[in-house]
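Data file: my_file-v2.cif. Format and content: mmCIF, C-alpha atoms and all ligand atoms.
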```cif
data_upload
#
loop_
_atom_site.group_PDB
_atom_site.id
_atom_site.type_symbol
_atom_site.label_atom_id
_atom_site.label_comp_id
_atom_site.auth_asym_id
_atom_site.auth_seq_id
_atom_site.Cartn_x
_atom_site.Cartn_y
_atom_site.Cartn_z
ATOM 1 C CA MET X 1 122.700 115.745 108.922
ATOM 2 C CA ILE X 2 123.270 112.434 110.758
ATOM 3 C CA ARG X 3 124.546 109.565 108.598
ATOM 4 C CA PHE X 4 124.208 105.804 108.945
ATOM 5 C CA PHE X 5 127.269 103.824 107.775
ATOM 6 C CA GLU X 6 126.305 100.224 107.077
ATOM 7 C CA LYS X 7 128.575 97.589 108.627
ATOM 8 C CA ASP X 8 128.187 94.612 106.310
ATOM 9 C CA PRO X 9 130.999 92.176 107.137
ATOM 10 C CA TYR X 10 130.956 90.656 103.625
ATOM 11 C CA SER X 11 130.855 93.791 101.520
ATOM 12 C CA PRO X 12 133.895 95.369 99.879
ATOM 13 C CA ILE X 13 131.985 98.660 99.692
ATOM 14 C CA GLN X 14 130.135 100.548 102.392
ATOM 15 C CA TYR X 15 126.724 102.145 101.934
ATOM 16 C CA VAL X 16 125.968 105.438 103.669
ATOM 17 C CA TYR X 17 122.413 106.687 104.264
ATOM 18 C CA ASP X 18 121.266 110.148 105.308
ATOM 19 C CA VAL X 19 119.185 109.787 108.476
ATOM 20 C CA ASP X 20 116.217 112.150 108.706
ATOM 21 C CA LYS X 21 115.275 110.698 112.077
ATOM 22 C CA VAL X 22 116.141 107.742 114.291
ATOM 23 C CA LEU X 23 112.774 106.173 115.172
ATOM 24 C CA PHE X 24 113.797 103.199 117.293
ATOM 25 C CA ARG X 25 116.870 101.533 118.704
ATOM 26 C CA LYS X 26 116.977 98.476 120.965
ATOM 27 C CA LYS X 27 119.248 95.565 121.796
ATOM 28 C CA SER X 28 117.212 92.361 121.751
ATOM 29 C CA GLU X 29 118.414 89.030 123.117
ATOM 30 C CA TYR X 30 119.811 88.266 119.639
ATOM 31 C CA GLN X 31 120.736 91.494 117.854
ATOM 32 C CA GLU X 32 120.760 95.274 117.771
ATOM 33 C CA ILE X 33 117.587 96.601 116.132
ATOM 34 C CA LEU X 34 117.519 100.066 114.544
ATOM 35 C CA VAL X 35 114.786 101.829 112.571
ATOM 36 C CA PHE X 36 115.482 105.155 110.878
ATOM 37 C CA LYS X 37 113.854 107.346 108.259
ATOM 38 C CA ASN X 38 115.590 108.266 105.003
ATOM 39 C CA GLY X 39 114.268 110.819 102.498
ATOM 40 C CA TYR X 40 114.378 108.437 99.514
ATOM 41 C CA PHE X 41 113.893 104.945 100.971
ATOM 42 C CA GLY X 42 111.376 105.783 103.723
ATOM 43 C CA LYS X 43 111.717 103.727 106.897
ATOM 44 C CA VAL X 44 114.739 101.431 107.028
ATOM 45 C CA LEU X 45 115.130 98.338 109.253
ATOM 46 C CA VAL X 46 118.690 97.553 110.362
ATOM 47 C CA LEU X 47 119.874 94.499 112.333
ATOM 48 C CA ASP X 48 123.400 94.425 113.767
ATOM 49 C CA GLY X 49 124.406 97.294 111.489
ATOM 50 C CA VAL X 50 123.137 95.637 108.259
ATOM 51 C CA VAL X 51 120.139 96.978 106.305
ATOM 52 C CA GLN X 52 117.373 94.330 106.125
ATOM 53 C CA LEU X 53 114.710 96.248 104.250
ATOM 54 C CA THR X 54 113.516 99.658 103.211
ATOM 55 C CA GLU X 55 109.898 100.668 102.662
ATOM 56 C CA ARG X 56 110.649 101.781 99.124
ATOM 57 C CA ASP X 57 112.235 98.675 97.639
ATOM 58 C CA GLU X 58 111.330 95.732 99.906
ATOM 59 C CA PHE X 59 108.845 94.309 97.400
ATOM 60 C CA PHE X 60 111.592 93.410 94.911
ATOM 61 C CA TYR X 61 113.209 91.126 97.472
ATOM 62 C CA HIS X 62 110.071 89.667 99.076
ATOM 63 C CA GLU X 63 108.323 88.937 95.785
ATOM 64 C CA MET X 64 111.411 87.329 94.264
ATOM 65 C CA LEU X 65 112.154 85.305 97.380
ATOM 66 C CA VAL X 66 108.667 83.820 97.532
ATOM 67 C CA HIS X 67 106.927 83.693 94.160
ATOM 68 C CA PRO X 68 109.265 81.720 91.879
ATOM 69 C CA ILE X 69 109.035 78.478 93.892
ATOM 70 C CA LEU X 70 105.441 79.034 94.955
ATOM 71 C CA HIS X 71 104.401 79.389 91.311
ATOM 72 C CA ALA X 72 106.618 76.479 90.245
ATOM 73 C CA HIS X 73 104.802 74.211 92.720
ATOM 74 C CA PRO X 74 101.604 72.738 91.206
ATOM 75 C CA SER X 75 99.514 72.751 94.409
ATOM 76 C CA PRO X 76 101.161 74.111 97.578
ATOM 77 C CA ARG X 77 99.058 73.957 100.774
ATOM 78 C CA VAL X 78 101.481 74.220 103.693
ATOM 79 C CA ALA X 79 104.391 76.695 103.791
ATOM 80 C CA LEU X 80 107.157 77.395 106.277
ATOM 81 C CA VAL X 81 108.962 80.753 106.498
ATOM 82 C CA ILE X 82 112.151 80.709 108.576
ATOM 83 C CA GLY X 83 113.401 84.149 109.672
ATOM 84 C CA GLY X 84 111.693 87.013 107.845
ATOM 85 C CA GLY X 85 110.570 88.610 111.131
ATOM 86 C CA ASP X 86 109.454 91.730 109.282
ATOM 87 C CA GLY X 87 106.596 89.690 107.762
ATOM 88 C CA GLY X 88 107.333 90.559 104.101
ATOM 89 C CA ALA X 89 107.770 86.925 103.014
ATOM 90 C CA VAL X 90 104.618 85.864 104.905
ATOM 91 C CA ARG X 91 102.653 88.647 103.181
ATOM 92 C CA GLU X 92 103.672 87.295 99.780
ATOM 93 C CA VAL X 93 102.985 83.645 100.707
ATOM 94 C CA VAL X 94 99.377 84.339 101.704
ATOM 95 C CA ARG X 95 98.682 85.950 98.313
ATOM 96 C CA HIS X 96 98.408 82.311 97.171
ATOM 97 C CA GLU X 97 94.864 81.344 98.064
ATOM 98 C CA CYS X 98 95.713 77.623 97.907
ATOM 99 C CA ILE X 99 97.943 78.072 100.969
ATOM 100 C CA GLU X 100 96.084 76.806 104.038
ATOM 101 C CA LYS X 101 98.784 77.144 106.675
ATOM 102 C CA VAL X 102 102.006 79.129 107.134
ATOM 103 C CA TYR X 103 104.457 78.236 109.887
ATOM 104 C CA PHE X 104 106.380 81.421 110.647
ATOM 105 C CA VAL X 105 109.563 80.586 112.575
ATOM 106 C CA GLU X 106 111.452 83.728 113.595
ATOM 107 C CA ILE X 107 113.997 83.352 116.384
ATOM 108 C CA ASP X 108 113.682 86.978 117.585
ATOM 109 C CA ARG X 109 110.168 88.048 118.612
ATOM 110 C CA GLU X 110 111.379 91.663 118.961
ATOM 111 C CA VAL X 111 111.875 91.882 115.177
ATOM 112 C CA ILE X 112 108.243 90.917 114.651
ATOM 113 C CA GLU X 113 107.092 93.494 117.214
ATOM 114 C CA THR X 114 109.277 96.200 115.649
ATOM 115 C CA SER X 115 107.911 95.489 112.181
ATOM 116 C CA LYS X 116 104.310 95.567 113.409
ATOM 117 C CA ARG X 117 104.973 98.953 114.971
ATOM 118 C CA PHE X 118 106.974 100.662 112.205
ATOM 119 C CA PHE X 119 106.317 98.723 108.966
ATOM 120 C CA PRO X 120 102.542 98.085 108.801
ATOM 121 C CA THR X 121 102.578 97.523 105.023
ATOM 122 C CA VAL X 122 105.227 94.813 105.390
ATOM 123 C CA SER X 123 103.875 93.092 108.517
ATOM 124 C CA SER X 124 100.267 93.291 107.305
ATOM 125 C CA GLU X 125 99.585 89.514 107.202
ATOM 126 C CA ILE X 126 101.416 88.391 110.352
ATOM 127 C CA ASP X 127 98.118 88.103 112.237
ATOM 128 C CA ASN X 128 96.369 86.275 109.387
ATOM 129 C CA PRO X 129 94.653 83.208 110.935
ATOM 130 C CA LYS X 130 96.566 80.921 108.521
ATOM 131 C CA VAL X 131 99.860 82.040 110.129
ATOM 132 C CA GLU X 132 101.267 80.181 113.159
ATOM 133 C CA ILE X 133 104.222 81.941 114.819
ATOM 134 C CA HIS X 134 107.051 80.039 116.546
ATOM 135 C CA ASN X 135 109.875 82.033 118.147
ATOM 136 C CA MET X 136 112.734 79.559 117.865
ATOM 137 C CA ASP X 137 115.697 78.508 115.727
ATOM 138 C CA GLY X 138 114.455 77.370 112.308
ATOM 139 C CA ALA X 139 116.944 74.477 112.310
ATOM 140 C CA GLU X 140 115.338 73.158 115.519
ATOM 141 C CA PHE X 141 111.851 73.561 114.094
ATOM 142 C CA VAL X 142 112.464 71.359 111.055
ATOM 143 C CA ARG X 143 114.413 68.631 112.868
ATOM 144 C CA ASN X 144 112.546 65.290 112.865
ATOM 145 C CA ARG X 145 109.578 66.461 110.763
ATOM 146 C CA LYS X 146 108.656 64.129 107.929
ATOM 147 C CA ASN X 147 106.742 64.741 104.724
ATOM 148 C CA GLU X 148 104.636 67.620 106.092
ATOM 149 C CA ILE X 149 105.461 70.857 104.288
ATOM 150 C CA ASP X 150 105.173 71.825 100.599
ATOM 151 C CA ILE X 151 107.288 74.991 100.557
ATOM 152 C CA VAL X 152 110.151 76.120 102.814
ATOM 153 C CA ILE X 153 111.494 79.680 102.542
ATOM 154 C CA VAL X 154 114.556 80.878 104.449
ATOM 155 C CA ASP X 155 114.648 84.656 104.873
ATOM 156 C CA SER X 156 117.476 84.992 107.354
ATOM 157 C CA THR X 157 120.164 87.489 108.202
ATOM 158 C CA ASP X 158 123.552 86.980 106.456
ATOM 159 C CA ILE X 159 125.324 83.618 106.669
ATOM 160 C CA ILE X 160 127.036 84.370 110.003
ATOM 161 C CA GLY X 161 126.142 84.191 113.715
ATOM 162 C CA PHE X 162 122.913 82.402 114.650
ATOM 163 C CA ALA X 163 121.799 82.289 110.983
ATOM 164 C CA ARG X 164 124.677 79.897 110.223
ATOM 165 C CA SER X 165 122.554 76.930 111.391
ATOM 166 C CA LEU X 166 120.381 77.570 108.307
ATOM 167 C CA PHE X 167 123.134 76.864 105.763
ATOM 168 C CA THR X 168 124.566 73.514 106.905
ATOM 169 C CA VAL X 169 124.179 70.179 105.139
ATOM 170 C CA GLU X 170 122.353 68.835 108.239
ATOM 171 C CA PHE X 171 119.793 71.623 107.944
ATOM 172 C CA PHE X 172 119.293 70.980 104.218
ATOM 173 C CA ARG X 173 118.773 67.258 105.005
ATOM 174 C CA SER X 174 116.115 68.139 107.591
ATOM 175 C CA ILE X 175 114.440 70.393 105.018
ATOM 176 C CA LYS X 176 114.347 67.614 102.447
ATOM 177 C CA ASP X 177 112.857 65.239 105.042
ATOM 178 C CA CYS X 178 110.162 67.706 106.098
ATOM 179 C CA LEU X 179 109.111 68.353 102.476
ATOM 180 C CA THR X 180 106.312 66.516 100.679
ATOM 181 C CA ASP X 181 106.887 64.653 97.368
ATOM 182 C CA GLN X 182 106.800 67.781 95.190
ATOM 183 C CA GLY X 183 108.247 70.005 97.914
ATOM 184 C CA MET X 184 110.449 73.028 97.159
ATOM 185 C CA PHE X 185 112.906 75.135 99.115
ATOM 186 C CA VAL X 186 114.502 78.551 98.645
ATOM 187 C CA THR X 187 117.085 80.520 100.567
ATOM 188 C CA LEU X 188 118.872 83.803 100.002
ATOM 189 C CA SER X 189 122.507 83.225 98.995
ATOM 190 C CA GLU X 190 124.207 86.650 98.763
ATOM 191 C CA SER X 191 125.470 88.539 95.676
ATOM 192 C CA LEU X 192 126.791 87.246 92.372
ATOM 193 C CA HIS X 193 129.059 90.291 92.118
ATOM 194 C CA PHE X 194 130.722 90.063 95.506
ATOM 195 C CA HIS X 195 130.178 86.554 96.899
ATOM 196 C CA ARG X 196 130.480 84.103 93.994
ATOM 197 C CA ASP X 197 132.301 81.458 96.018
ATOM 198 C CA MET X 198 129.750 81.678 98.808
ATOM 199 C CA VAL X 199 126.945 81.280 96.260
ATOM 200 C CA ALA X 200 128.726 78.274 94.716
ATOM 201 C CA ASP X 201 129.233 76.744 98.187
ATOM 202 C CA VAL X 202 125.521 77.011 99.051
ATOM 203 C CA GLN X 203 124.685 75.418 95.685
ATOM 204 C CA GLU X 204 127.220 72.639 96.206
ATOM 205 C CA THR X 205 125.866 71.850 99.670
ATOM 206 C CA LEU X 206 122.278 71.774 98.362
ATOM 207 C CA ARG X 207 123.398 69.415 95.581
ATOM 208 C CA LEU X 208 124.571 66.913 98.187
ATOM 209 C CA VAL X 209 120.959 66.614 99.345
ATOM 210 C CA PHE X 210 118.448 67.545 96.597
ATOM 211 C CA PRO X 211 118.059 66.069 93.085
ATOM 212 C CA GLU X 212 117.009 69.466 91.631
ATOM 213 C CA VAL X 213 118.971 72.589 92.528
ATOM 214 C CA ASP X 214 118.907 75.922 90.715
ATOM 215 C CA LEU X 215 119.799 79.583 91.026
ATOM 216 C CA TYR X 216 117.988 82.773 90.158
ATOM 217 C CA THR X 217 118.728 86.427 90.770
ATOM 218 C CA ALA X 218 116.976 89.752 91.298
ATOM 219 C CA PRO X 219 118.098 93.382 91.424
ATOM 220 C CA ILE X 220 118.003 94.637 95.017
ATOM 221 C CA ALA X 221 119.091 98.278 95.408
ATOM 222 C CA THR X 222 119.975 98.097 99.093
ATOM 223 C CA TYR X 223 121.847 94.787 99.436
ATOM 224 C CA ALA X 224 125.598 94.879 98.910
ATOM 225 C CA GLY X 225 126.425 93.740 95.396
ATOM 226 C CA ASN X 226 122.826 94.342 94.208
ATOM 227 C CA TRP X 227 122.804 91.317 91.858
ATOM 228 C CA TRP X 228 121.223 89.192 94.579
ATOM 229 C CA THR X 229 120.956 85.402 94.392
ATOM 230 C CA PHE X 230 118.343 82.936 95.565
ATOM 231 C CA SER X 231 119.271 79.254 95.803
ATOM 232 C CA ALA X 232 116.309 76.987 95.137
ATOM 233 C CA ALA X 233 116.007 73.227 95.546
ATOM 234 C CA SER X 234 113.292 70.716 94.884
ATOM 235 C CA VAL X 235 112.486 67.122 95.768
ATOM 236 C CA SER X 236 111.285 66.230 92.256
ATOM 237 C CA LEU X 237 110.167 69.016 89.873
ATOM 238 C CA GLY X 238 112.178 71.669 88.022
ATOM 239 C CA MET X 239 111.531 75.274 88.994
ATOM 240 C CA ARG X 240 112.239 77.309 85.836
ATOM 241 C CA GLU X 241 108.579 77.463 84.703
ATOM 242 C CA PRO X 242 105.541 78.713 86.622
ATOM 243 C CA ARG X 243 102.870 75.975 86.899
ATOM 244 C CA ARG X 244 99.977 78.147 88.098
ATOM 245 C CA ASP X 245 98.419 81.509 87.230
ATOM 246 C CA ILE X 246 100.315 84.468 88.638
ATOM 247 C CA VAL X 247 98.786 85.809 91.859
ATOM 248 C CA SER X 248 97.336 89.296 91.870
ATOM 249 C CA GLY X 249 98.846 92.245 93.717
ATOM 250 C CA VAL X 250 102.510 91.714 92.730
ATOM 251 C CA ARG X 251 104.514 94.721 91.530
ATOM 252 C CA PHE X 252 107.719 93.231 90.065
ATOM 253 C CA TYR X 253 107.324 89.445 89.762
ATOM 254 C CA SER X 254 105.594 88.165 86.624
ATOM 255 C CA GLU X 255 105.678 85.140 84.341
ATOM 256 C CA GLU X 256 108.395 86.768 82.181
ATOM 257 C CA ILE X 257 110.454 87.748 85.216
ATOM 258 C CA HIS X 258 110.176 84.164 86.522
ATOM 259 C CA ARG X 259 111.652 82.750 83.294
ATOM 260 C CA GLN X 260 114.427 85.282 82.862
ATOM 261 C CA ALA X 261 115.475 85.312 86.529
ATOM 262 C CA PHE X 262 117.120 81.873 86.403
ATOM 263 C CA LEU X 263 120.803 81.887 85.508
ATOM 264 C CA PRO X 264 121.562 80.962 81.882
ATOM 265 C CA GLN X 265 122.909 77.394 81.789
ATOM 266 C CA ARG X 266 126.512 78.180 80.738
ATOM 267 C CA LEU X 267 126.922 80.907 83.317
ATOM 268 C CA TYR X 268 125.461 78.578 85.929
ATOM 269 C CA GLU X 269 127.898 75.775 85.114
ATOM 270 C CA LYS X 270 130.828 78.184 85.285
ATOM 271 C CA LEU X 271 129.661 79.385 88.679
ATOM 272 C CA LEU X 272 129.476 75.826 90.020
ATOM 273 C CA LYS X 273 133.000 75.113 88.762
ATOM 274 C CA LYS X 274 134.148 78.372 90.383
ATOM 275 C CA GLU X 275 135.322 79.563 86.967
ATOM 276 C CA LEU X 276 133.603 82.940 87.059
ATOM 277 C CA LYS X 277 136.327 85.543 87.290
ATOM 278 C CA TRP X 278 135.242 89.094 87.947
HETATM 279 N N1 LIG C 301 115.515 90.121 103.935
HETATM 280 C C1 LIG C 301 116.501 90.320 104.917
HETATM 281 C C2 LIG C 301 117.903 90.305 104.402
HETATM 282 O O1 LIG C 301 118.276 89.479 103.565
HETATM 283 O O2 LIG C 301 118.661 91.146 104.860
HETATM 284 C C3 LIG C 301 116.289 89.388 106.063
HETATM 285 C C4 LIG C 301 115.212 89.976 106.881
HETATM 286 S S1 LIG C 301 114.616 89.122 108.260
HETATM 287 C C5 LIG C 301 114.429 90.502 109.349
HETATM 288 C C6 LIG C 301 115.953 88.186 108.927
HETATM 289 C C7 LIG C 301 115.533 87.481 110.210
HETATM 290 O O3 LIG C 301 116.114 86.181 110.284
HETATM 291 C C8 LIG C 301 115.964 88.188 111.495
HETATM 292 O O4 LIG C 301 114.832 88.765 112.100
HETATM 293 C C9 LIG C 301 116.583 87.093 112.354
HETATM 294 O O5 LIG C 301 116.190 87.160 113.696
HETATM 295 C C10 LIG C 301 116.071 85.827 111.657
HETATM 296 N N2 LIG C 301 116.905 84.650 111.867
HETATM 297 C C11 LIG C 301 118.260 84.562 111.727
HETATM 298 N N3 LIG C 301 118.685 83.317 112.029
HETATM 299 C C12 LIG C 301 117.567 82.599 112.349
HETATM 300 C C13 LIG C 301 117.360 81.248 112.749
HETATM 301 N N4 LIG C 301 118.395 80.410 112.888
HETATM 302 N N5 LIG C 301 116.074 80.829 112.967
HETATM 303 C C14 LIG C 301 115.031 81.681 112.825
HETATM 304 N N6 LIG C 301 115.172 82.986 112.479
HETATM 305 C C15 LIG C 301 116.426 83.439 112.242
#
```
Written form, structure tokens:
Amino acid sequence: MIRFFEKDPYSPIQYVYDVDKVLFRKKSEYQEILVFKNGYFGKVLVLDGVVQLTERDEFFYHEMLVHPILHAHPSPRVALVIGGGDGGAVREVVRHECIEKVYFVEIDREVIETSKRFFPTVSSEIDNPKVEIHNMDGAEFVRNRKNEIDIVIVDSTDIIGFARSLFTVEFFRSIKDCLTDQGMFVTLSESLHFHRDMVADVQETLRLVFPEVDLYTAPIATYAGNWWTFSAASVSLGMREPRRDIVSGVRFYSEEIHRQAFLPQRLYEKLLKKELKW
């Protein structure tokens, strides 16, 4: 049996997957792309040695990345997804019928092509006529845009390499500028078990720019630390309550999950003060 040993630079533990079959391997201009099949998880997408998604559990991550802020927004029309080349975030965004346009800004076109070929259930909405693809750096895309977009979602690789441009204060300022008056933003921010200081740093940087910043979590089996965080920010409204009916077709996200996903206030304050010790 061949084994895949994940090489996650931030993880104190290493995951090992049995590989039934290697389906694809290619070095793109930006990263090494690998697709393999595992008996439990189905097809697995790996970029630069780090697992990005598996067929079996991807919906936990994609639903929880997208739906909390989309349901917290009273009337979103225009969305922007940065990264997310597999198409999972885009698929969830277009479940919202009020969305008229989705800018899909993925730097590496090869990831999109790979997902279309091997992950049809994830990439299913990439060719939806509402979706406009731009293969470029998300930080470049948002620079100098004003008051145009209702929802921005960052679904990037980990906070290193070319994804680093998506976690700077300059980037967060550009996001705030590009958002409309009730605009909202969400980005992945690593694990509350393993990366507390990194989570607190993302929150602190967002707080320099946005009046409303919050944190919620979801259980992701295949990301190191599992207790995965999402940092959300808003130009005006709070995000702890859904403001619209829940879309159909979701498997994990619900109104109850929305409410309980946000960090309890005392835990949240401790995190910000870097007083969480575990
Ligand atoms: N859900 C996954 C995770 O957390 O592991 C992320 C999946 S998605 C495949 C990540 C994508 O972000 C990659 O395809 C990568 O090319 C893209 N990406 C990274 N930095 C980017 C940037 N600065 N602008 C646009 N896309 C970027």
Picked residues, the PyMOL selection byres (((chain X and resi 58-72) around 8) and not hetatm), as a short mmCIF file (atom, residue, chain, number, x, y, z; two decimals) with C-alpha atoms, keeping the file's coordinate frame:
```cif
data_model
loop_
_atom_site.label_atom_id
_atom_site.label_comp_id
_atom_site.auth_asym_id
_atom_site.auth_seq_id
_atom_site.Cartn_x
_atom_site.Cartn_y
_atom_site.Cartn_z
CA LEU X 53 114.71 96.25 104.25
CA THR X 54 113.52 99.66 103.21
CA GLU X 55 109.90 100.67 102.66
CA ARG X 56 110.65 101.78 99.12
CA ASP X 57 112.24 98.68 97.64
CA HIS X 73 104.80 74.21 92.72
CA PRO X 74 101.60 72.74 91.21
CA PRO X 76 101.16 74.11 97.58
CA GLY X 88 107.33 90.56 104.10
CA ALA X 89 107.77 86.92 103.01
CA GLU X 92 103.67 87.30 99.78
CA VAL X 93 102.98 83.64 100.71
CA ILE X 151 107.29 74.99 100.56
CA ILE X 153 111.49 79.68 102.54
CA ASP X 155 114.65 84.66 104.87
CA MET X 184 110.45 73.03 97.16
CA PHE X 185 112.91 75.14 99.12
CA VAL X 186 114.50 78.55 98.64
CA THR X 187 117.08 80.52 100.57
CA LEU X 188 118.87 83.80 100.00
CA ALA X 218 116.98 89.75 91.30
CA PRO X 219 118.10 93.38 91.42
CA ILE X 220 118.00 94.64 95.02
CA PHE X 230 118.34 82.94 95.56
CA ALA X 232 116.31 76.99 95.14
CA GLY X 238 112.18 71.67 88.02
CA MET X 239 111.53 75.27 88.99
CA ARG X 240 112.24 77.31 85.84
CA GLU X 241 108.58 77.46 84.70
CA PRO X 242 105.54 78.71 86.62
CA ARG X 243 102.87 75.97 86.90
CA ARG X 244 99.98 78.15 88.10
CA ASP X 245 98.42 81.51 87.23
CA ILE X 246 100.32 84.47 88.64
CA VAL X 250 102.51 91.71 92.73
CA ARG X 251 104.51 94.72 91.53
CA PHE X 252 107.72 93.23 90.06
CA TYR X 253 107.32 89.44 89.76
CA HIS X 258 110.18 84.16 86.52
#
```
task: Name the residues, using the chain letters and numbers of the file, that sit within 12 Å of (126.1, 72.5, 85.7) when counting all atoms listed in the file, and give them as a list in words.
output: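 Those residues lying close to the given coordinates are Ala200, Gln203, Glu204, Arg207, Glu212, Val213, Asp214, Leu215, Leu263, Pro264, Gln265, Arg266, Leu267, Tyr268, Glu269, Lys270, Leu271, Leu272, Lys273, Lys274 and Glu275 of chain X.
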Kindly resolve the PyMOL selection byres (((chain X and resi 131) around 9) and not hetatm) on the present coordinates and return the residues as a PDB file with C-alpha atoms, in the coordinates of the input.
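result19.pdb was written with the following content:
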```pdb
ATOM      1  CA  VAL X  90     104.618  85.864 104.905  1.00  0.00           C
ATOM      2  CA  VAL X  94      99.377  84.339 101.704  1.00  0.00           C
ATOM      3  CA  GLU X 100      96.084  76.806 104.038  1.00  0.00           C
ATOM      4  CA  LYS X 101      98.784  77.144 106.675  1.00  0.00           C
ATOM      5  CA  VAL X 102     102.006  79.129 107.134  1.00  0.00           C
ATOM      6  CA  TYR X 103     104.457  78.236 109.887  1.00  0.00           C
ATOM      7  CA  PHE X 104     106.380  81.421 110.647  1.00  0.00           C
ATOM      8  CA  GLU X 125      99.585  89.514 107.202  1.00  0.00           C
ATOM      9  CA  ILE X 126     101.416  88.391 110.352  1.00  0.00           C
ATOM     10  CA  ASP X 127      98.118  88.103 112.237  1.00  0.00           C
ATOM     11  CA  ASN X 128      96.369  86.275 109.387  1.00  0.00           C
ATOM     12  CA  PRO X 129      94.653  83.208 110.935  1.00  0.00           C
ATOM     13  CA  LYS X 130      96.566  80.921 108.521  1.00  0.00           C
ATOM     14  CA  GLU X 132     101.267  80.181 113.159  1.00  0.00           C
ATOM     15  CA  ILE X 133     104.222  81.941 114.819  1.00  0.00           C
TER      16      ILE X 133
END
```
query: By how many Å are atom C12 of ligand LIG 301 (chain C) and atom CA of X:Glu106 apart?
result: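 Computed distance, atom C12 of ligand LIG 301 (chain C) to atom CA of X:Glu106, equals 6.3 Å.
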Counting all atoms listed in the file, give me one row per residue of chain X with an atom at most 7 Å from an atom of ligand LIG 301 (chain C), showing the shortest contact pair and its distance in Å to one decimal, sorted by chain then residue number, as CSV.
```
residue,atom,partner,partner_atom,distance
X:Val51,CA,C:LIG301,O2,6.2
X:Gln52,CA,C:LIG301,O2,3.7
X:Leu53,CA,C:LIG301,N1,6.2
X:Tyr61,CA,C:LIG301,N1,6.9
X:Ile82,CA,C:LIG301,C14,5.2
X:Gly83,CA,C:LIG301,O3,3.4
X:Gly84,CA,C:LIG301,S1,3.6
X:Gly85,CA,C:LIG301,O4,4.4
X:Asp86,CA,C:LIG301,C5,5.1
X:Val105,CA,C:LIG301,C14,5.6
X:Glu106,CA,C:LIG301,N6,4.0
X:Ile107,CA,C:LIG301,C14,4.1
X:Asp108,CA,C:LIG301,O5,4.6
X:Val111,CA,C:LIG301,O4,5.3
X:Met136,CA,C:LIG301,C14,5.9
X:Asp137,CA,C:LIG301,N5,3.6
X:Gly138,CA,C:LIG301,N5,3.9
X:Ala139,CA,C:LIG301,N4,6.1
X:Asp155,CA,C:LIG301,C3,5.1
X:Ser156,CA,C:LIG301,O3,3.4
X:Thr157,CA,C:LIG301,C6,4.3
X:Asp158,CA,C:LIG301,O1,6.5
X:Phe162,CA,C:LIG301,N3,5.1
X:Ala163,CA,C:LIG301,N3,3.4
X:Arg164,CA,C:LIG301,N4,6.8
X:Ser165,CA,C:LIG301,N4,5.6
X:Leu166,CA,C:LIG301,N4,5.7
X:Leu188,CA,C:LIG301,O1,6.7
```
message: Here is a test: counting only C-alpha atoms, which residue of X:Trp228, X:Phe36, X:Trp278, X:Tyr15 is nearest to X:Phe119?
response: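 Of X:Trp228, X:Phe36, X:Trp278, X:Tyr15, the one nearest X:Phe119 is X:Phe36, counting only C-alpha atoms.
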query: In Å to one decimal, how far is atom CA of X:Val46 from atom CA of X:Thr229?
result: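 Separation of atom CA of X:Thr229 and atom CA of X:Val46: 20.2 Å.
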task: Enumerate, as a list in words, the residues matched when the PyMOL selection byres (((chain X and resi 236) around 9) and not hetatm) is run on the file above.
output: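 Applied to this file, the PyMOL selection byres (((chain X and resi 236) around 9) and not hetatm) selects Asp181, Gln182, Gly183, Met184, Phe210, Pro211, Glu212, Ser234, Val235, Leu237 and Gly238 of chain X.
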message: Let me make sure I understand: among X:Arg173, X:Arg95, X:Arg145, X:Lys21, which one has the smallest atom-to-atom distance to X:Gly39 if we use all atoms listed in the file?
response: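 Smallest distance to X:Gly39 is found for X:Lys21.
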message: Please list as a PyMOL selection string every residue within 10 Å of X:Ala224, counting all atoms listed in the file and excluding residues in the same chain fewer than 4 positions away.
response: chain X and resi 6+8+10-15+50-51+190-191+193-195+220+228
Show which residues sit within 8 Å of X:Asp18, as an mmCIF file with C-alpha atoms, keeping the file's coordinate frame. Count all atoms listed in the file, and ignore same-chain residues fewer than 6 positions away.
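As a result, selection-v9.cif now contains:
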```
data_model
loop_
_atom_site.group_PDB
_atom_site.id
_atom_site.type_symbol
_atom_site.label_atom_id
_atom_site.label_comp_id
_atom_site.auth_asym_id
_atom_site.auth_seq_id
_atom_site.Cartn_x
_atom_site.Cartn_y
_atom_site.Cartn_z
ATOM 1 C CA MET X 1 122.700 115.745 108.922
ATOM 2 C CA ILE X 2 123.270 112.434 110.758
ATOM 3 C CA ARG X 3 124.546 109.565 108.598
ATOM 4 C CA PHE X 4 124.208 105.804 108.945
ATOM 5 C CA ASN X 38 115.590 108.266 105.003
ATOM 6 C CA GLY X 39 114.268 110.819 102.498
#
```
message: Report, in Å with one decimal, the straight-line distance from atom CA of X:Ser231 to atom CA of X:Leu45.
response: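 Interatomic distance, atom CA of X:Ser231 to atom CA of X:Leu45: 23.7 Å.
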query: Taking all atoms listed in the file into account, which of X:Glu140, X:Ile112, X:Tyr17, X:Gly49 comes nearest X:Lys37?
result: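 Result for the nearest residue to X:Lys37: X:Tyr17.
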